[in-house]
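Asks: One structure coming up, written as structure tokens, with questions to follow.
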Amino acid sequence: MARVIVDVMLKPEILDPQGQAIARALPRLGFSGVTEVRQGKRFEVELDGPADEAALADVRKMAETLLANTVIEDYAVRVEP
Amino acid sequence: MGAARVGVVTFPGTLDDQDAARAVRHAGGEAVPLWHADHDLRGVDAVFLPGGFSYGDYLRCGAISRFAPLMEELIPAARAGLPVLGTCNGFQILCEAHLLPGALTRNQGLHYVCRDQRVRVENATTAWTADYAPGQELLLPVKHGEGRYVADAATIAALESGGQVVFRYLGANPNGSINDIAGISNEAGNVVGLMPHPEHAVEELTGAPSVDGRGFFTSILKRFVNL
């Protein structure tokens, strides 16, 4: 059993109006010192076996195929310790 | 010969399929219902992917619809030349399916925009726009929250130089799309996607702002008369 995390973020050059709205709200709530916020998605993928290289290759394929739209998004795969 | 048969696809969460079928019939065509879970295009001459919130827009708009059984038939058929039109959610599905380049993202202003929008026909040679005049201005309803067309600079340059920008917003851009792009086509011109809704602008009776949407349907029907 293992948990693999896939983080999906809009590419840096893609406008993130949701992140901008969050960043604009923070000073109103009394939080200072924030220059930028970007919003993304986190997927927790539970495996029925170990997170070996073959399983991670599968998760990367999932990310490429479905979890991320690689036209506008980047993804990162890591194993949760 | 019989009227051209235009398939209208229904996914769970599709909203505009009945208007789309009505618009096809209004123009004199036969509207053929296509169900997302079937591996069957029923021998249609063209396909309309209507708007709505297919699969609840879960994950990303169109991301799950793209893998529907019907899409497994539609994607190779479109690549082989079958005329396909996607409006709104249909446009999002065509981009997710990589039948059209780029992607549709959250409106720049974050608001869902529902209004009548002026657009200009930039390419009147596609399968779905041949009955318009180049440069013709249309008034069509828009209603979307994720209609901001984006693509990398090289893709945008290729679309612009290749005449694949088919529609451009006039006046205020409702979503912040790059170069005011409202709709595009593939290189061959048989696959067209746009955010505005021609199927909601074919009859005065329904409160439509115009009947400017009729040209999409007369374009595709004439194509099959002329073949």
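Chains: A, B, ... in order of the structure tokens. Residues: from 1 per chain. Ligands: from 1, in order shown.
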Could the residues of chain A that have an atom at most 7 Å from chain B be listed as a Markdown table, each with its closest atom pair and the distance in Å to one decimal, counting only C-alpha atoms and ordered by chain and ascending residue number?

Replies:
```
| residue | atom | partner | partner_atom | distance |
| --- | --- | --- | --- | --- |
| A:Pro17 | CA | B:Gln108 | CA | 5.8 |
| A:Leu66 | CA | B:Ala63 | CA | 6.9 |
| A:Val71 | CA | B:Gly102 | CA | 6.3 |
| A:Ile72 | CA | B:Ala103 | CA | 7.0 |
```

Asks: Using only N, CA and C atoms, please write the residues we just selected to a file, as a tab-separated table (two decimals), in the first residue's frame.

Replies:
```
chain	number	residue	atom	x	y	z
A	17	PRO	N	-6.61	33.75	-12.66
A	17	PRO	CA	-7.43	34.79	-12.03
A	17	PRO	C	-7.92	34.39	-10.64
A	66	LEU	N	-5.05	12.20	-17.98
A	66	LEU	CA	-6.33	12.68	-17.44
A	66	LEU	C	-6.17	13.78	-16.39
A	71	VAL	N	-1.48	21.01	-22.03
A	71	VAL	CA	-1.47	22.23	-22.84
A	71	VAL	C	-1.33	23.45	-21.94
A	72	ILE	N	-1.94	23.39	-20.75
A	72	ILE	CA	-1.96	24.57	-19.87
A	72	ILE	C	-1.42	24.28	-18.47
```

Asks: Please list as a CSV table (one decimal) with N, CA, C and O atoms, in the first residue's frame every residue within 8 Å of Glu30 of chain B, counting only C-alpha atoms and excluding residues in the same chain fewer than 4 positions away.

Replies:
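The new file result_11.csv reads:
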```csv
chain,number,residue,atom,x,y,z
B,3,ALA,N,-32.5,14.6,-46.6
B,3,ALA,CA,-31.8,15.7,-45.9
B,3,ALA,C,-30.6,15.2,-45.2
B,3,ALA,O,-30.5,14.0,-44.9
B,4,ALA,N,-29.6,16.1,-45.1
B,4,ALA,CA,-28.4,15.8,-44.4
B,4,ALA,C,-28.7,15.4,-42.9
B,4,ALA,O,-29.6,15.9,-42.3
B,5,ARG,N,-28.0,14.4,-42.4
B,5,ARG,CA,-28.2,13.9,-41.0
B,5,ARG,C,-27.1,14.4,-40.1
B,5,ARG,O,-26.0,14.1,-40.3
B,6,VAL,N,-27.5,15.3,-39.2
B,6,VAL,CA,-26.6,15.9,-38.3
B,6,VAL,C,-26.8,15.3,-36.9
B,6,VAL,O,-27.8,15.4,-36.3
B,24,VAL,N,-31.1,22.3,-36.2
B,24,VAL,CA,-30.8,21.5,-37.3
B,24,VAL,C,-32.1,21.3,-38.1
B,24,VAL,O,-32.1,21.4,-39.4
B,25,ARG,N,-33.2,21.0,-37.4
B,25,ARG,CA,-34.5,20.7,-38.1
B,25,ARG,C,-35.0,22.0,-38.8
B,25,ARG,O,-35.5,22.0,-39.9
```

Asks: Do you have the atom CA of Glu146 of chain B-atom CA of Arg38 of chain A distance handy?

Replies: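 Those two atoms sit 17.3 Å apart.
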
Asks: Please give the complete set of residues from segment 2-226 of chain B that DSSP, run on the backbone, assigns to alpha helix (DSSP H), formatted as an NGL selection string.

Replies: :B and (17-26 or 69-79 or 89-96 or 153-161 or 214-226)

Asks: Tell me which protein, DNA and RNA residues are within 9 Å of Val79 of chain A, counting only C-alpha atoms, leaving out same-chain ones fewer than 2 positions away, and put them as a PyMOL selection string.

Replies: chain A and resi 2-6+51+56+77+81

Asks: Using only N, CA, C and O atoms, please write the residues we just selected to a file, as an mmCIF file, in the first residue's frame.

Replies:
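Generated output (out.cif):
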```
data_model
loop_
_atom_site.group_PDB
_atom_site.id
_atom_site.type_symbol
_atom_site.label_atom_id
_atom_site.label_comp_id
_atom_site.auth_asym_id
_atom_site.auth_seq_id
_atom_site.Cartn_x
_atom_site.Cartn_y
_atom_site.Cartn_z
ATOM 1 N N ALA A 2 0.552 2.169 -0.863
ATOM 2 C CA ALA A 2 1.311 3.422 -0.895
ATOM 3 C C ALA A 2 0.403 4.522 -1.398
ATOM 4 O O ALA A 2 -0.585 4.260 -2.085
ATOM 5 N N ARG A 3 0.753 5.727 -0.998
ATOM 6 C CA ARG A 3 0.000 6.893 -1.476
ATOM 7 C C ARG A 3 0.938 7.733 -2.330
ATOM 8 O O ARG A 3 2.037 8.093 -1.900
ATOM 9 N N VAL A 4 0.476 8.029 -3.544
ATOM 10 C CA VAL A 4 1.256 8.876 -4.447
ATOM 11 C C VAL A 4 0.502 10.190 -4.621
ATOM 12 O O VAL A 4 -0.718 10.192 -4.815
ATOM 13 N N ILE A 5 1.238 11.284 -4.523
ATOM 14 C CA ILE A 5 0.635 12.612 -4.644
ATOM 15 C C ILE A 5 0.945 13.165 -6.032
ATOM 16 O O ILE A 5 2.099 13.117 -6.478
ATOM 17 N N VAL A 6 -0.075 13.659 -6.689
ATOM 18 C CA VAL A 6 0.127 14.352 -7.963
ATOM 19 C C VAL A 6 -0.326 15.800 -7.772
ATOM 20 O O VAL A 6 -1.490 16.055 -7.454
ATOM 21 N N ALA A 51 4.920 1.656 -4.201
ATOM 22 C CA ALA A 51 5.133 2.718 -5.179
ATOM 23 C C ALA A 51 6.491 2.516 -5.840
ATOM 24 O O ALA A 51 7.400 3.336 -5.702
ATOM 25 N N LEU A 56 4.961 4.112 -10.386
ATOM 26 C CA LEU A 56 5.113 5.556 -10.590
ATOM 27 C C LEU A 56 5.005 5.918 -12.070
ATOM 28 O O LEU A 56 4.445 6.956 -12.424
ATOM 29 N N VAL A 77 4.871 14.387 -9.622
ATOM 30 C CA VAL A 77 4.478 13.144 -8.952
ATOM 31 C C VAL A 77 5.480 12.864 -7.837
ATOM 32 O O VAL A 77 6.690 12.963 -8.037
ATOM 33 N N PRO A 81 5.700 9.920 2.088
ATOM 34 C CA PRO A 81 6.454 9.052 2.986
ATOM 35 C C PRO A 81 5.554 8.498 4.110
ATOM 36 O O PRO A 81 4.544 9.078 4.419
#
```

Asks: Contacts of Glu64 of chain A at 10 Å or less, counting only C-alpha atoms, minus same-chain residues fewer than 4 places along, as a ChimeraX atom specification?

Replies: /A:58-60,68-70,73-75

Asks: Taking only C-alpha atoms into account, which of B:Ser185, B:Tyr58, B:Ala97, B:Arg223 comes nearest Asp45 of chain B?

Replies: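 Distance minimum relative to Asp45 of chain B lands on B:Arg223.
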
Asks: Neighbouring residues of Ala80 of chain B were defined as those with any atom within 12 Å, considering only C-alpha atoms; residues of the same chain fewer than 5 positions away were excluded. Please report them as a list in words.

Replies: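 The contact residues come out as Glu73, Leu74, Ile75, Leu99, Asn186, Ala188, Gly189, Asn190 and Val191 of chain B.
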
Asks: For the residues selected in the previous step, produce a file with N, CA, C and O atoms as a PDB file, in the first residue's frame.

Replies:
```pdb
ATOM      1  N   GLU B  73     -15.252   6.939 -31.120  1.00  0.00           N
ATOM      2  CA  GLU B  73     -15.641   6.847 -32.531  1.00  0.00           C
ATOM      3  C   GLU B  73     -15.475   8.204 -33.217  1.00  0.00           C
ATOM      4  O   GLU B  73     -15.036   8.282 -34.360  1.00  0.00           O
ATOM      5  N   LEU B  74     -15.844   9.258 -32.485  1.00  0.00           N
ATOM      6  CA  LEU B  74     -15.880  10.595 -33.099  1.00  0.00           C
ATOM      7  C   LEU B  74     -14.480  11.134 -33.411  1.00  0.00           C
ATOM      8  O   LEU B  74     -14.276  11.768 -34.447  1.00  0.00           O
ATOM      9  N   ILE B  75     -13.521  10.877 -32.511  1.00  0.00           N
ATOM     10  CA  ILE B  75     -12.185  11.472 -32.701  1.00  0.00           C
ATOM     11  C   ILE B  75     -11.542  10.998 -34.012  1.00  0.00           C
ATOM     12  O   ILE B  75     -11.126  11.826 -34.832  1.00  0.00           O
ATOM     13  N   LEU B  99      -8.660  17.656 -30.744  1.00  0.00           N
ATOM     14  CA  LEU B  99      -9.110  17.871 -32.119  1.00  0.00           C
ATOM     15  C   LEU B  99      -8.911  19.336 -32.503  1.00  0.00           C
ATOM     16  O   LEU B  99      -8.838  19.674 -33.678  1.00  0.00           O
ATOM     17  N   ASN B 186      -9.795  23.471 -36.969  1.00  0.00           N
ATOM     18  CA  ASN B 186      -8.570  22.705 -37.200  1.00  0.00           C
ATOM     19  C   ASN B 186      -8.000  23.104 -38.569  1.00  0.00           C
ATOM     20  O   ASN B 186      -8.601  23.903 -39.296  1.00  0.00           O
ATOM     21  N   ALA B 188      -7.810  21.523 -41.342  1.00  0.00           N
ATOM     22  CA  ALA B 188      -8.631  21.126 -42.486  1.00  0.00           C
ATOM     23  C   ALA B 188      -9.918  21.933 -42.584  1.00  0.00           C
ATOM     24  O   ALA B 188     -10.550  21.974 -43.644  1.00  0.00           O
ATOM     25  N   GLY B 189     -10.346  22.566 -41.461  1.00  0.00           N
ATOM     26  CA  GLY B 189     -11.563  23.377 -41.488  1.00  0.00           C
ATOM     27  C   GLY B 189     -12.844  22.583 -41.271  1.00  0.00           C
ATOM     28  O   GLY B 189     -13.935  23.157 -41.312  1.00  0.00           O
ATOM     29  N   ASN B 190     -12.737  21.282 -41.028  1.00  0.00           N
ATOM     30  CA  ASN B 190     -13.961  20.494 -40.794  1.00  0.00           C
ATOM     31  C   ASN B 190     -14.390  20.517 -39.323  1.00  0.00           C
ATOM     32  O   ASN B 190     -15.552  20.309 -39.011  1.00  0.00           O
ATOM     33  N   VAL B 191     -13.421  20.767 -38.416  1.00  0.00           N
ATOM     34  CA  VAL B 191     -13.740  20.832 -36.987  1.00  0.00           C
ATOM     35  C   VAL B 191     -13.692  22.293 -36.540  1.00  0.00           C
ATOM     36  O   VAL B 191     -12.667  22.962 -36.713  1.00  0.00           O
TER      37      VAL B 191
END
```
